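So this block is protein-v5.cif, mmCIF, C-alpha atoms:
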```
data_my_file
loop_
_atom_site.label_atom_id
_atom_site.label_comp_id
_atom_site.auth_asym_id
_atom_site.auth_seq_id
_atom_site.Cartn_x
_atom_site.Cartn_y
_atom_site.Cartn_z
CA VAL A 208 0.00 0.00 0.00
CA SER A 209 1.27 3.45 -0.96
CA ALA A 210 2.54 5.89 1.69
CA SER A 211 0.03 8.44 0.37
CA LEU A 212 -2.84 6.05 1.16
CA ARG A 213 -4.26 5.77 4.68
CA PHE A 214 -7.16 3.66 5.89
CA HIS A 215 -9.38 4.67 8.81
CA LEU A 216 -11.70 1.94 10.06
CA ASP A 217 -14.57 2.27 12.49
CA GLY A 218 -17.52 -0.01 13.19
CA ALA A 219 -19.84 2.97 13.84
CA HIS A 220 -23.39 2.07 12.82
CA THR A 221 -25.60 4.46 14.80
CA SER A 222 -25.99 8.22 14.46
CA LYS A 223 -24.24 8.88 17.76
CA SER A 224 -21.27 6.61 17.06
CA LEU A 225 -20.99 7.89 13.48
CA GLU A 226 -20.93 11.49 14.70
CA ALA A 227 -17.87 10.74 16.86
CA SER A 228 -16.26 8.68 14.11
CA LEU A 229 -16.71 11.44 11.51
CA LYS A 230 -15.09 13.94 13.88
CA TRP A 231 -12.11 11.61 14.21
CA PHE A 232 -11.90 11.04 10.44
CA ARG A 233 -12.04 14.79 9.71
CA SER A 234 -9.20 15.38 12.18
CA LYS A 235 -7.09 12.76 10.39
CA CYS A 236 -7.81 14.35 6.99
CA SER A 237 -6.69 17.76 8.23
CA GLU A 238 -3.22 16.47 9.17
CA GLY A 239 -0.41 17.16 6.74
CA GLU A 240 -0.05 19.16 3.55
CA GLY A 241 -1.39 18.88 0.03
CA ASN A 242 -4.68 17.87 -1.48
CA VAL A 243 -6.74 15.15 0.12
CA GLN A 244 -8.89 12.74 -1.82
CA LYS A 245 -11.49 11.30 0.56
CA ILE A 246 -13.00 7.91 -0.18
CA LEU A 247 -15.84 6.20 1.67
CA VAL A 248 -16.34 2.43 1.88
CA PHE A 249 -19.70 1.78 3.51
CA ASN A 250 -22.23 -0.86 4.36
CA CYS A 251 -24.77 -1.16 7.14
CA SER A 252 -27.50 -3.56 8.07
CA HIS A 253 -30.87 -2.87 6.49
CA GLU A 254 -32.26 -2.84 10.02
CA ARG A 255 -30.32 0.37 10.76
CA LYS A 256 -31.34 3.88 9.73
CA PRO A 257 -29.27 4.25 6.57
CA VAL A 258 -30.79 7.55 5.39
CA SER A 259 -29.67 9.35 8.56
CA LEU A 260 -26.24 7.73 8.40
CA LEU A 261 -25.78 8.62 4.71
CA GLN A 262 -26.85 12.23 5.34
CA MET A 263 -24.19 12.50 8.03
CA LEU A 264 -21.54 10.97 5.80
CA GLN A 265 -22.28 13.33 2.93
CA SER A 266 -21.15 16.24 5.08
CA ALA A 267 -17.56 14.90 4.92
CA GLY A 268 -17.18 15.75 1.20
CA PHE A 269 -16.17 12.36 -0.17
CA HIS A 270 -14.87 12.26 -3.74
CA ARG A 271 -15.66 8.59 -4.27
CA VAL A 272 -18.02 6.17 -2.51
CA TYR A 273 -18.06 2.38 -2.52
CA PHE A 274 -21.09 0.53 -1.15
CA CYS A 275 -19.64 -2.91 -0.50
CA THR A 276 -20.65 -6.28 0.77
CA ALA A 277 -18.85 -7.64 3.79
CA ASP A 278 -17.43 -11.15 3.70
CA PHE A 279 -20.01 -12.18 6.30
CA GLU A 280 -23.20 -10.70 7.64
CA ARG A 281 -25.76 -11.51 10.27
CA PRO A 282 -28.84 -13.26 8.90
CA SER A 283 -32.13 -11.40 9.22
CA SER A 284 -35.77 -12.23 8.64
CA VAL A 285 -36.61 -8.53 8.22
CA LYS A 286 -37.46 -7.53 4.64
CA LYS A 287 -34.96 -5.16 3.04
CA PRO A 288 -36.65 -1.86 2.18
CA THR A 289 -36.37 -0.22 -1.22
CA ALA A 290 -34.75 3.18 -1.72
CA THR A 291 -38.23 4.67 -2.19
CA GLU A 292 -39.47 3.19 1.10
CA LEU A 293 -36.39 4.42 2.98
CA LEU A 294 -36.71 7.96 1.65
CA GLU A 295 -40.48 8.16 2.19
CA ASP A 296 -40.12 6.79 5.73
CA HIS A 297 -37.59 9.54 6.37
CA GLY A 298 -40.06 12.20 5.22
CA PHE A 299 -38.72 12.95 1.73
CA ASP A 300 -41.19 13.82 -1.01
CA ILE A 301 -39.93 11.78 -3.94
CA ARG A 302 -42.83 12.41 -6.31
CA GLY A 303 -41.48 13.12 -9.76
CA THR A 304 -38.10 11.60 -8.87
CA GLU A 305 -36.96 8.61 -10.84
CA ILE A 306 -35.58 5.95 -8.53
CA ASN A 307 -35.01 2.59 -10.15
CA PRO A 308 -37.28 0.15 -8.29
CA GLU A 309 -35.52 -2.90 -9.74
CA VAL A 310 -32.53 -2.65 -7.45
CA GLN A 311 -31.25 -6.15 -6.76
CA THR A 312 -28.83 -5.68 -3.87
CA TRP A 313 -28.80 -3.77 -0.60
CA GLN A 314 -25.65 -1.96 -1.76
CA ASN A 315 -27.50 -0.73 -4.87
CA THR A 316 -30.31 0.50 -2.62
CA LEU A 317 -27.81 2.45 -0.52
CA ALA A 318 -26.28 3.91 -3.69
CA ARG A 319 -29.73 5.03 -4.90
CA VAL A 320 -30.41 6.74 -1.57
CA TRP A 321 -27.00 8.45 -1.68
CA GLY A 322 -27.68 9.61 -5.24
CA PHE A 323 -31.03 11.09 -4.19
CA LEU A 324 -29.48 12.91 -1.22
CA GLU A 325 -26.28 14.18 -2.81
CA ASP A 326 -25.92 17.83 -3.64
CA ARG A 327 -22.75 17.40 -5.69
CA ARG A 328 -21.58 14.73 -8.10
CA VAL A 329 -19.60 11.89 -6.51
CA ASP A 330 -18.26 8.74 -8.17
CA ILE A 331 -20.25 5.81 -6.75
CA GLU A 332 -19.80 2.05 -7.10
CA SER A 333 -22.10 -0.47 -5.51
CA SER A 334 -21.33 -3.93 -6.80
CA LEU A 335 -18.02 -4.76 -5.13
CA ASN A 336 -16.91 -6.65 -2.09
CA VAL A 337 -14.52 -4.92 0.31
CA SER A 338 -11.33 -6.54 -1.01
CA SER A 339 -12.15 -5.53 -4.60
CA ALA A 340 -12.85 -1.97 -3.50
CA ILE A 341 -9.56 -1.80 -1.57
CA ALA A 342 -7.69 -3.10 -4.64
CA LYS A 343 -9.30 -0.39 -6.81
CA ILE A 344 -8.52 2.28 -4.24
CA ALA A 345 -4.87 1.17 -4.08
CA GLN A 346 -4.64 1.45 -7.88
CA LEU A 347 -6.13 4.96 -7.76
CA ALA A 348 -3.70 6.02 -5.03
CA GLU A 349 -0.70 4.71 -6.99
CA GLY A 350 -1.61 7.11 -9.78
CA CYS A 351 -1.39 10.09 -7.38
CA ASP A 352 1.80 12.04 -6.78
CA ALA A 353 2.48 11.44 -3.06
CA SER A 354 4.14 14.84 -2.68
CA GLN A 355 1.06 16.60 -4.06
CA SER A 356 -1.87 14.63 -2.68
CA ARG A 357 -2.88 11.81 -0.45
CA THR A 358 -5.86 9.49 -0.21
CA GLU A 359 -7.78 9.05 3.04
CA VAL A 360 -10.16 6.08 3.09
CA PHE A 361 -12.97 5.86 5.65
CA ILE A 362 -14.36 2.35 6.09
CA VAL A 363 -17.43 2.48 8.31
CA GLY A 364 -20.99 1.30 8.91
CA SER A 365 -20.63 -2.08 10.58
CA LEU A 366 -18.18 -4.28 12.39
CA TYR A 367 -18.63 -6.81 9.58
CA ILE A 368 -17.26 -4.41 6.95
CA VAL A 369 -14.36 -3.46 9.24
CA GLY A 370 -13.51 -7.14 9.73
CA SER A 371 -13.61 -7.72 5.97
CA ALA A 372 -11.36 -4.69 5.43
CA LEU A 373 -8.83 -5.88 8.03
CA LYS A 374 -8.73 -9.24 6.28
CA ALA A 375 -8.33 -7.62 2.84
CA LEU A 376 -5.50 -5.43 4.16
CA ASP A 377 -3.76 -8.51 5.62
CA PHE A 378 -3.83 -6.91 9.06
CA GLU A 379 -2.26 -8.87 11.87
CA GLU A 380 -2.39 -7.78 15.46
CA VAL A 381 1.41 -7.73 15.68
CA ASP A 382 1.31 -4.86 13.13
CA ALA A 383 -0.08 -2.61 15.86
CA GLU A 384 2.97 -3.24 18.09
CA GLY A 385 0.70 -3.27 21.13
CA ARG A 386 -0.55 0.27 20.49
CA LEU A 387 -3.78 1.64 19.17
CA SER A 388 -3.59 4.60 16.80
CA ASN A 389 -5.60 7.63 17.85
#
```
Would you write out, as C-alpha cells, the structure that this file holds?
Amino acid sequence: VSASLRFHLDGAHTSKSLEASLKWFRSKCSEGEGNVQKILVFNCSHERKPVSLLQMLQSAGFHRVYFCTADFERPSSVKKPTATELLEDHGFDIRGTEINPEVQTWQNTLARVWGFLEDRRVDIESSLNVSSAIAKIAQLAEGCDASQSRTEVFIVGSLYIVGSALKALDFEEVDAEGRLSN
C-alpha cells in the first residue's frame, strides 16, 4: 500500500457513534499538507437507519463512494426496504423523482439513496466486495503524486465491513505493536 494512502476503520453504525467517528476522520484528513482525496467504503444492516447515516456521511465531502458487501453478515428475517421506502419513511417527497425500483442488492439500494441525497456529483460504485474496493482504491492512489496529494479512506458502517477490510488489508495484530492509533 502506498505511503500516500491511509485507511481509517470504524464499526460505527448508529448516528451517535458515526458522529464521533466522523469527527475523528475529519481530524485525520486535516493532518499534513497537500490535497486530500477522501473515499468512503460503507455498508450497514438494512435494520439500521441508513438515510440518517448517509446524510451524516455526505457532510464529509467524499470524492468517491463504494457501497460494498462484507465477507459475512448476520442473517435477518426482516425484509430489506427499497430506496423509495427508505426515503419516504424519512419524510422525503420523492414524487417526480426517478428511482429505479428494480434494485437487486442492498448496496445498490444504498447507492440510490446516496444519489437522491447528494448535492454534488460523486463517483459511486455499488457492486463490489470490500477486497475488490480496496484493490481499486490502491490502484487509484498509486496514480497520485504522493508529494502533491494523499488518499484518506474511511471504512465504516458495521463491524462486519471493518472485519472484511482488516482481512483484505492482511492486518495482523502484531502490526499494531501493542498500540492503538488515535
Starting from the shown file, work through the PyMOL selection byres ((chain A and resi 280) around 9) and note down what comes out as a PyMOL selection string.
-> chain A and resi 252+276-279+281-282+367-368
Any chance you could resolve the PyMOL selection byres ((chain A and resi 229-241) around 9) against this file and give the residues as a ChimeraX atom specification?
-> /A:215,224-228,242-243,245,263-264,267,353-359,361,389
How far is it from CA of Ser259 (chain A) to CA of Ser283 (chain A), in Å with one decimal?
-> 20.9 Å
Which protein, DNA or RNA residues are at most 12 Å from (-15.1, -3.5, -1.3) in the file's coordinates when you count all atoms listed in the file, listed as a CSV table (one decimal) with C-alpha atoms, keeping the file's coordinate frame?
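Listed below is the output, out_0.csv:
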```csv
chain,number,residue,atom,x,y,z
A,246,ILE,CA,-13.0,7.9,-0.2
A,247,LEU,CA,-15.8,6.2,1.7
A,248,VAL,CA,-16.3,2.4,1.9
A,249,PHE,CA,-19.7,1.8,3.5
A,250,ASN,CA,-22.2,-0.9,4.4
A,272,VAL,CA,-18.0,6.2,-2.5
A,273,TYR,CA,-18.1,2.4,-2.5
A,274,PHE,CA,-21.1,0.5,-1.2
A,275,CYS,CA,-19.6,-2.9,-0.5
A,276,THR,CA,-20.6,-6.3,0.8
A,277,ALA,CA,-18.8,-7.6,3.8
A,278,ASP,CA,-17.4,-11.2,3.7
A,314,GLN,CA,-25.6,-2.0,-1.8
A,331,ILE,CA,-20.2,5.8,-6.8
A,332,GLU,CA,-19.8,2.0,-7.1
A,333,SER,CA,-22.1,-0.5,-5.5
A,334,SER,CA,-21.3,-3.9,-6.8
A,335,LEU,CA,-18.0,-4.8,-5.1
A,336,ASN,CA,-16.9,-6.6,-2.1
A,337,VAL,CA,-14.5,-4.9,0.3
A,338,SER,CA,-11.3,-6.5,-1.0
A,339,SER,CA,-12.2,-5.5,-4.6
A,340,ALA,CA,-12.8,-2.0,-3.5
A,341,ILE,CA,-9.6,-1.8,-1.6
A,342,ALA,CA,-7.7,-3.1,-4.6
A,343,LYS,CA,-9.3,-0.4,-6.8
A,344,ILE,CA,-8.5,2.3,-4.2
A,345,ALA,CA,-4.9,1.2,-4.1
A,360,VAL,CA,-10.2,6.1,3.1
A,361,PHE,CA,-13.0,5.9,5.6
A,362,ILE,CA,-14.4,2.4,6.1
A,363,VAL,CA,-17.4,2.5,8.3
A,367,TYR,CA,-18.6,-6.8,9.6
A,368,ILE,CA,-17.3,-4.4,7.0
A,369,VAL,CA,-14.4,-3.5,9.2
A,370,GLY,CA,-13.5,-7.1,9.7
A,371,SER,CA,-13.6,-7.7,6.0
A,372,ALA,CA,-11.4,-4.7,5.4
A,373,LEU,CA,-8.8,-5.9,8.0
A,374,LYS,CA,-8.7,-9.2,6.3
A,375,ALA,CA,-8.3,-7.6,2.8
A,376,LEU,CA,-5.5,-5.4,4.2
```
Interatomic distance between CA of Arg328 (chain A) and CA of His270 (chain A)?
-> 8.4 Å
Any idea what's packed within 7 Å of Ala290 (chain A), counting all atoms listed in the file, ignoring anything in its chain fewer than 5 positions away? Could you give it as a PyMOL selection string?
-> chain A and resi 316+319-320
Just to be explicit: take each residue in the selection above, keep C-alpha atoms, and write the result as a PDB file, in the coordinates of the input.
```pdb
ATOM      1  CA  THR A 316     -30.310   0.500  -2.620  1.00  0.00           C
ATOM      2  CA  ARG A 319     -29.730   5.030  -4.900  1.00  0.00           C
ATOM      3  CA  VAL A 320     -30.410   6.740  -1.570  1.00  0.00           C
TER       4      VAL A 320
END
```
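Taking CA of Thr221 (chain A) and CA of Arg302 (chain A) as the two end points, the separation is 28.4 Å.
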All file atoms of region 226-243 of chain A boxed axis-aligned, 8 Å per side, centre plus edges, as AutoDock Vina command-line options:
```
--center_x -10.5 --center_y 13.9 --center_z 7.7 --size_x 36.9 --size_y 26.5 --size_z 34.3
```
Which residues come within 9 Å of Gln265 (chain A), counting all atoms listed in the file, excluding same-chain residues fewer than 4 positions away, as number ranges by chain?
-> A: 260-261, 269, 321, 324-326
Taking all atoms listed in the file into account, which of A:His253, A:Ser222, A:Phe214, A:Phe323 comes nearest Thr291 (chain A)?
-> A:Phe323
Quick one: which region 213-280 of chain A residues come within 10 Å of region 295-301 of chain A, and what is the nearest atom pair for each with the distance in Å to one decimal, counting all atoms listed in the file, rows ordered by chain and ascending number, as JSON lines?
```
{"residue": "A:Lys256", "atom": "CA", "partner": "A:His297", "partner_atom": "CA", "distance": 9.1}
{"residue": "A:Pro257", "atom": "CA", "partner": "A:His297", "partner_atom": "CA", "distance": 9.9}
{"residue": "A:Val258", "atom": "CA", "partner": "A:His297", "partner_atom": "CA", "distance": 7.2}
{"residue": "A:Ser259", "atom": "CA", "partner": "A:His297", "partner_atom": "CA", "distance": 8.2}
```
